[in-house]
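Q: So here's entry_33.cif, just mmCIF, C-alpha atoms:
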data_entry
#
loop_
_atom_site.label_atom_id
_atom_site.label_comp_id
_atom_site.auth_asym_id
_atom_site.auth_seq_id
_atom_site.Cartn_x
_atom_site.Cartn_y
_atom_site.Cartn_z
CA MET A 1 19.66 -15.09 9.73
CA SER A 2 20.32 -11.69 8.13
CA TYR A 3 23.44 -11.10 6.08
CA GLU A 4 24.84 -8.82 8.81
CA ASP A 5 24.88 -11.79 11.21
CA GLN A 6 26.67 -14.21 8.90
CA GLN A 7 30.36 -14.75 8.35
CA LEU A 8 31.91 -11.90 6.43
CA ILE A 9 34.78 -11.34 4.08
CA ASN A 10 37.04 -8.52 5.22
CA PHE A 11 38.82 -7.15 2.16
CA GLN A 12 41.00 -4.71 4.06
CA PHE A 13 44.69 -5.29 3.53
CA GLU A 14 45.57 -7.09 6.76
CA LYS A 15 48.31 -9.57 7.52
CA ASN A 16 46.09 -11.60 9.85
CA TYR A 17 42.90 -12.78 8.17
CA LYS A 18 40.21 -14.35 10.34
CA LYS A 19 37.85 -17.15 9.40
CA ASP A 20 35.02 -15.27 11.12
CA ASP A 21 35.54 -12.43 8.64
CA PHE A 22 34.88 -14.65 5.64
CA TYR A 23 31.35 -14.63 4.23
CA VAL A 24 30.50 -17.82 2.38
CA SER A 25 28.17 -17.19 -0.55
CA LYS A 26 27.26 -18.93 -3.79
CA SER A 27 30.17 -17.08 -5.39
CA ASN A 28 32.90 -18.69 -3.31
CA PHE A 29 31.22 -21.77 -1.79
CA PHE A 30 33.08 -24.36 -3.87
CA ALA A 31 36.53 -22.87 -3.25
CA PHE A 32 35.81 -22.49 0.46
CA SER A 33 34.44 -26.03 0.79
CA LEU A 34 37.36 -27.50 -1.14
CA LEU A 35 39.98 -25.94 1.12
CA ASP A 36 37.93 -26.81 4.19
CA SER A 37 37.84 -30.49 3.14
CA TRP A 38 41.64 -30.95 3.12
CA PRO A 39 43.20 -33.52 2.88
CA LYS A 40 40.27 -35.32 1.24
CA TRP A 41 41.10 -34.02 -2.23
CA GLU A 42 40.92 -35.94 -5.48
CA LYS A 43 44.25 -34.40 -6.52
CA ASN A 44 47.13 -32.87 -4.62
CA ILE A 45 47.34 -29.71 -6.76
CA ILE A 46 44.46 -27.24 -6.90
CA ASN A 47 43.99 -23.86 -8.53
CA ILE A 48 41.87 -21.21 -6.82
CA HIS A 49 41.18 -18.50 -9.38
CA GLY A 50 39.07 -15.38 -9.52
CA GLU A 51 39.35 -11.67 -10.10
CA LYS A 52 41.43 -9.34 -7.93
CA TYR A 53 40.04 -8.81 -4.40
CA SER A 54 37.83 -11.91 -4.67
CA GLY A 55 39.27 -13.42 -1.48
CA LYS A 56 41.90 -15.90 -2.71
CA SER A 57 44.61 -14.71 -0.33
CA HIS A 58 42.12 -14.55 2.53
CA LEU A 59 41.11 -18.17 1.93
CA SER A 60 44.78 -19.17 1.83
CA GLN A 61 45.48 -17.50 5.16
CA ILE A 62 42.52 -19.32 6.73
CA PHE A 63 43.77 -22.62 5.28
CA ILE A 64 47.34 -22.12 6.53
CA LYS A 65 46.22 -21.20 10.04
CA LYS A 66 44.15 -24.37 10.21
CA ASN A 67 46.44 -26.86 8.46
CA LYS A 68 49.93 -25.30 8.61
CA GLY A 69 52.11 -24.67 5.60
CA ILE A 70 53.84 -21.86 3.73
CA ILE A 71 52.63 -19.09 1.41
CA ILE A 72 55.05 -17.94 -1.30
CA PRO A 73 54.37 -14.91 -3.53
CA ALA A 74 54.79 -16.29 -7.06
CA ILE A 75 56.92 -13.32 -8.04
CA ASN A 76 59.51 -14.37 -5.42
CA PHE A 77 59.64 -18.04 -6.38
CA GLU A 78 63.13 -19.08 -7.46
CA PRO A 79 65.18 -22.27 -7.95
CA GLY A 80 66.72 -23.94 -4.90
CA PHE A 81 63.43 -24.04 -3.04
CA GLU A 82 63.64 -27.69 -1.93
CA ASN A 83 65.42 -27.07 1.38
CA LYS A 84 62.95 -24.35 2.31
CA LEU A 85 59.85 -26.34 1.41
CA ARG A 86 60.73 -29.88 2.49
CA PHE A 87 59.39 -29.32 6.02
CA HIS A 88 56.00 -28.01 4.80
CA GLN A 89 53.22 -30.36 3.75
CA ASN A 90 51.10 -27.56 2.27
CA ILE A 91 52.51 -25.02 -0.18
CA ILE A 92 50.58 -22.03 -1.51
CA LEU A 93 51.83 -20.12 -4.55
CA ASP A 94 50.07 -16.78 -4.31
CA ASP A 95 49.25 -14.31 -7.10
CA PHE A 96 50.44 -16.60 -9.88
CA ASN A 97 50.51 -15.48 -13.51
CA ALA A 98 51.91 -16.84 -16.77
CA GLN A 99 55.00 -14.60 -16.49
CA VAL A 100 56.48 -16.79 -13.74
CA ASN A 101 59.38 -18.98 -14.94
CA GLU A 102 57.83 -22.14 -16.40
CA ASN A 103 60.74 -24.44 -15.58
CA ASN A 104 60.63 -23.35 -11.94
CA ILE A 105 56.92 -24.10 -11.68
CA PHE A 106 57.27 -27.46 -13.38
CA SER A 107 60.07 -28.35 -10.93
CA LEU A 108 57.83 -27.31 -8.04
CA ILE A 109 55.00 -29.53 -9.27
CA ASN A 110 57.37 -32.49 -9.57
CA PHE A 111 58.73 -31.78 -6.10
CA VAL A 112 55.19 -31.72 -4.68
CA ASP A 113 54.29 -35.03 -6.37
CA GLN A 114 57.49 -36.83 -5.44
CA ASN A 115 57.26 -35.79 -1.78
CA SER A 116 53.52 -36.35 -1.26
CA LYS A 117 52.82 -32.68 -0.59
CA TYR A 118 49.89 -30.42 -1.49
CA LEU A 119 50.06 -27.33 -3.71
CA ILE A 120 47.52 -24.51 -3.96
CA ILE A 121 48.00 -22.06 -6.83
CA ASN A 122 46.17 -18.73 -6.53
CA SER A 123 45.67 -16.83 -9.77
CA GLN A 124 43.31 -14.41 -11.48
CA LEU A 125 43.16 -16.51 -14.65
CA PRO A 126 42.62 -20.29 -14.65
CA PHE A 127 45.93 -22.16 -14.39
CA ASN A 128 44.70 -24.79 -16.86
CA LYS A 129 43.93 -22.12 -19.50
CA MET A 130 47.29 -20.37 -19.41
CA LYS A 131 49.30 -20.66 -22.62
CA PHE A 132 52.55 -22.13 -21.37
CA LYS A 133 55.32 -22.88 -23.85
CA LEU A 134 56.55 -25.87 -21.86
CA LYS A 135 54.45 -28.82 -23.04
CA ASP A 136 54.96 -30.84 -19.86
CA LEU A 137 53.72 -27.90 -17.78
CA LEU A 138 50.67 -27.53 -20.05
CA SER A 139 49.84 -31.17 -19.44
CA ARG A 140 50.21 -30.88 -15.66
CA ALA A 141 48.19 -27.66 -15.54
CA ARG A 142 45.26 -29.37 -17.26
CA ASN A 143 45.33 -32.12 -14.66
CA CYS A 144 45.00 -29.98 -11.53
CA LEU A 145 41.78 -29.45 -9.60
CA ASP A 146 40.03 -26.22 -10.62
CA ALA A 147 38.05 -23.98 -8.24
CA LYS A 148 36.72 -20.68 -9.53
CA ILE A 149 35.53 -17.82 -7.33
CA GLU A 150 32.63 -16.38 -9.27
CA LYS A 151 31.62 -12.74 -9.55
CA PRO A 152 29.90 -11.52 -6.36
CA ASP A 153 26.19 -12.32 -6.08
CA ASP A 154 23.64 -9.80 -4.76
CA GLU A 155 23.91 -10.95 -1.15
CA LEU A 156 27.70 -10.78 -1.17
CA VAL A 157 27.66 -7.28 -2.67
CA LYS A 158 25.44 -6.08 0.20
CA VAL A 159 27.64 -7.79 2.77
CA LEU A 160 30.82 -6.22 1.44
CA ILE A 161 29.39 -2.71 1.28
CA SER A 162 27.91 -2.96 4.79
CA LYS A 163 30.90 -4.60 6.43
CA ILE A 164 33.69 -2.51 4.96
CA LEU A 165 31.87 0.79 5.54
CA PHE A 166 31.11 -0.34 9.10
CA ASP A 167 34.81 -1.10 9.62
CA LYS A 168 35.56 2.41 8.40
CA GLN A 169 33.01 3.75 10.92
CA ILE A 170 30.79 5.07 8.15
CA LYS A 171 27.10 4.66 8.91
CA ILE A 172 24.78 3.62 6.12
CA ASN A 173 21.24 2.27 6.42
CA LYS A 174 20.04 -0.97 4.89
CA LYS A 175 17.86 0.72 2.24
CA LEU A 176 20.84 2.67 0.89
CA VAL A 177 22.94 -0.50 0.82
CA GLU A 178 20.24 -2.20 -1.24
CA PHE A 179 19.95 0.87 -3.49
CA ALA A 180 23.70 0.76 -4.18
CA ALA A 181 23.82 -3.02 -4.56
CA LYS A 182 21.20 -2.95 -7.31
CA ARG A 183 23.20 -0.45 -9.34
CA ILE A 184 26.83 -1.41 -8.83
CA ARG A 185 28.59 -3.59 -11.40
CA ARG A 186 29.21 -7.18 -10.28
CA SER A 187 32.95 -6.85 -9.84
CA TYR A 188 35.05 -6.96 -6.66
CA GLY A 189 37.17 -4.16 -8.05
CA LYS A 190 34.13 -1.95 -8.71
CA ILE A 191 32.82 -2.60 -5.20
CA PHE A 192 36.12 -1.44 -3.73
CA GLU A 193 36.19 1.58 -6.01
CA PHE A 194 32.68 2.50 -4.86
CA ILE A 195 33.57 2.13 -1.17
CA TYR A 196 36.73 4.21 -1.66
CA LYS A 197 34.66 6.99 -3.24
CA ILE A 198 32.07 6.87 -0.45
CA ASP A 199 34.88 7.15 2.09
CA GLU A 200 36.47 10.03 0.17
CA ILE A 201 33.18 11.94 -0.18
CA SER A 202 32.24 11.49 3.48
CA LEU A 203 35.65 12.72 4.64
CA LYS A 204 35.81 15.66 2.22
CA LYS A 205 32.24 16.90 2.63
CA LYS A 206 31.82 15.79 6.26
CA LYS A 207 28.23 14.70 5.73
CA SER A 208 26.22 11.56 6.32
CA ILE A 209 25.61 9.09 3.51
CA ASP A 210 22.40 9.68 1.56
CA GLN A 211 21.07 8.64 -1.83
CA LYS A 212 22.74 11.61 -3.51
CA THR A 213 26.11 10.51 -2.11
CA ILE A 214 25.51 6.98 -3.35
CA LYS A 215 24.73 8.22 -6.86
CA GLU A 216 27.83 10.45 -6.84
CA ALA A 217 30.04 7.53 -5.78
CA LEU A 218 28.51 5.30 -8.45
CA GLY A 219 29.33 7.92 -11.05
#
In structure tokens, write the structure found in this file.

A:
Amino acid sequence: MSYEDQQLINFQFEKNYKKDDFYVSKSNFFAFSLLDSWPKWEKNIINIHGEKYSGKSHLSQIFIKKNKGIIIPAINFEPGFENKLRFHQNIILDDFNAQVNENNIFSLINFVDQNSKYLIINSQLPFNKMKFKLKDLLSRARNCLDAKIEKPDDELVKVLISKILFDKQIKINKKLVEFAAKRIRRSYGKIFEFIYKIDEISLKKKKSIDQKTIKEALG
């Protein structure tokens, strides 16, 4: 099966993510498999971490659609959450960083444990490596299940370039995709930056994508 025929990740900013748009590669296999295996987890708190645009929120949306639950942006998390969360078995704290109030997070973890719920924490940095001041939170962070989304592998880079440009109705042949994939830095952010530049060049110059365009977009 060619990479065009496999499941794909759609990194466009949509509210409704589809499982069919998620491409499972070596980079994200563990995180995907872990969420897909719910509730057969060793622990009830897991941390999905990886760089920006790596698919954490997409995975969470897939999980919630399948298993029900609630997604809370970490920046909006405040005390008094118990009444809102007590009817949800699965809770996802999205876009978490060490700036979030430590006491609030520790209270959430206790709430999850005491009520036999499940908590997924999405973050760019590993939750268990964050330098919390609250010692009890440090201890709990080190005890959660860790799932890292790695940097994109070669196959995933080709998939992302092909799929997102196709969604933008920009035609590009397979050889040019491979040419770009060999030269682009292995970073989700850099892939998006490259696709944005391709889109910008094609709109501004109104010409088809060729090797010269690829080189210009790569800088």

Q: Step by step, work through what the PyMOL selection byres ((chain A and resi 183-195) around 7) selects in the shown file, and finish by giving those residues as a ChimeraX atom specification.

A: /A:52-54,151-152,161,179-182,196-199,217-218

Q: Restrict the calculation to all atoms listed in the file, then for each residue of region 47-69 of chain A with any atom at most 10 Å from an atom of region 21-40 of chain A give the closest atom pair and their distance in Å to one decimal, rows by chain and rising residue number, as JSON lines.

A:
{"residue": "A:Asn47", "atom": "CA", "partner": "A:Ala31", "partner_atom": "CA", "distance": 9.2}
{"residue": "A:Ile48", "atom": "CA", "partner": "A:Ala31", "partner_atom": "CA", "distance": 6.6}
{"residue": "A:His49", "atom": "CA", "partner": "A:Ala31", "partner_atom": "CA", "distance": 8.8}
{"residue": "A:Gly50", "atom": "CA", "partner": "A:Asn28", "partner_atom": "CA", "distance": 9.4}
{"residue": "A:Ser54", "atom": "CA", "partner": "A:Asn28", "partner_atom": "CA", "distance": 8.5}
{"residue": "A:Gly55", "atom": "CA", "partner": "A:Phe22", "partner_atom": "CA", "distance": 8.5}
{"residue": "A:Lys56", "atom": "CA", "partner": "A:Ala31", "partner_atom": "CA", "distance": 8.8}
{"residue": "A:His58", "atom": "CA", "partner": "A:Phe22", "partner_atom": "CA", "distance": 7.9}
{"residue": "A:Leu59", "atom": "CA", "partner": "A:Phe32", "partner_atom": "CA", "distance": 7.0}
{"residue": "A:Ser60", "atom": "CA", "partner": "A:Leu35", "partner_atom": "CA", "distance": 8.3}
{"residue": "A:Ile62", "atom": "CA", "partner": "A:Phe22", "partner_atom": "CA", "distance": 9.0}
{"residue": "A:Phe63", "atom": "CA", "partner": "A:Leu35", "partner_atom": "CA", "distance": 6.5}
{"residue": "A:Ile64", "atom": "CA", "partner": "A:Leu35", "partner_atom": "CA", "distance": 9.9}
{"residue": "A:Lys66", "atom": "CA", "partner": "A:Asp36", "partner_atom": "CA", "distance": 9.0}
{"residue": "A:Asn67", "atom": "CA", "partner": "A:Trp38", "partner_atom": "CA", "distance": 8.3}

Q: I need the residue nearest Gln211 (chain A) from this list: A:Val112, A:Leu119, A:Ile172, A:Ile149. Use all atoms listed in the file for the distance.

A: A:Ile172

Q: What gap, in Å, lies between CA of Phe77 (chain A) and CA of Asn101 (chain A)?

A: 8.6 Å

Q: To test your reading of the syntax: which residues would the PyMOL selection byres ((chain A and resi 45) around 9) return for the file shown? Reply as number ranges by chain.

A: A: 41, 43-44, 46-47, 109, 112-113, 117-121, 143-146

Q: How many Å separate CA of Ser162 (chain A) from CA of Asp95 (chain A)?

A: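 Between CA of Ser162 (chain A) and CA of Asp95 (chain A) the gap works out to 26.9 Å.
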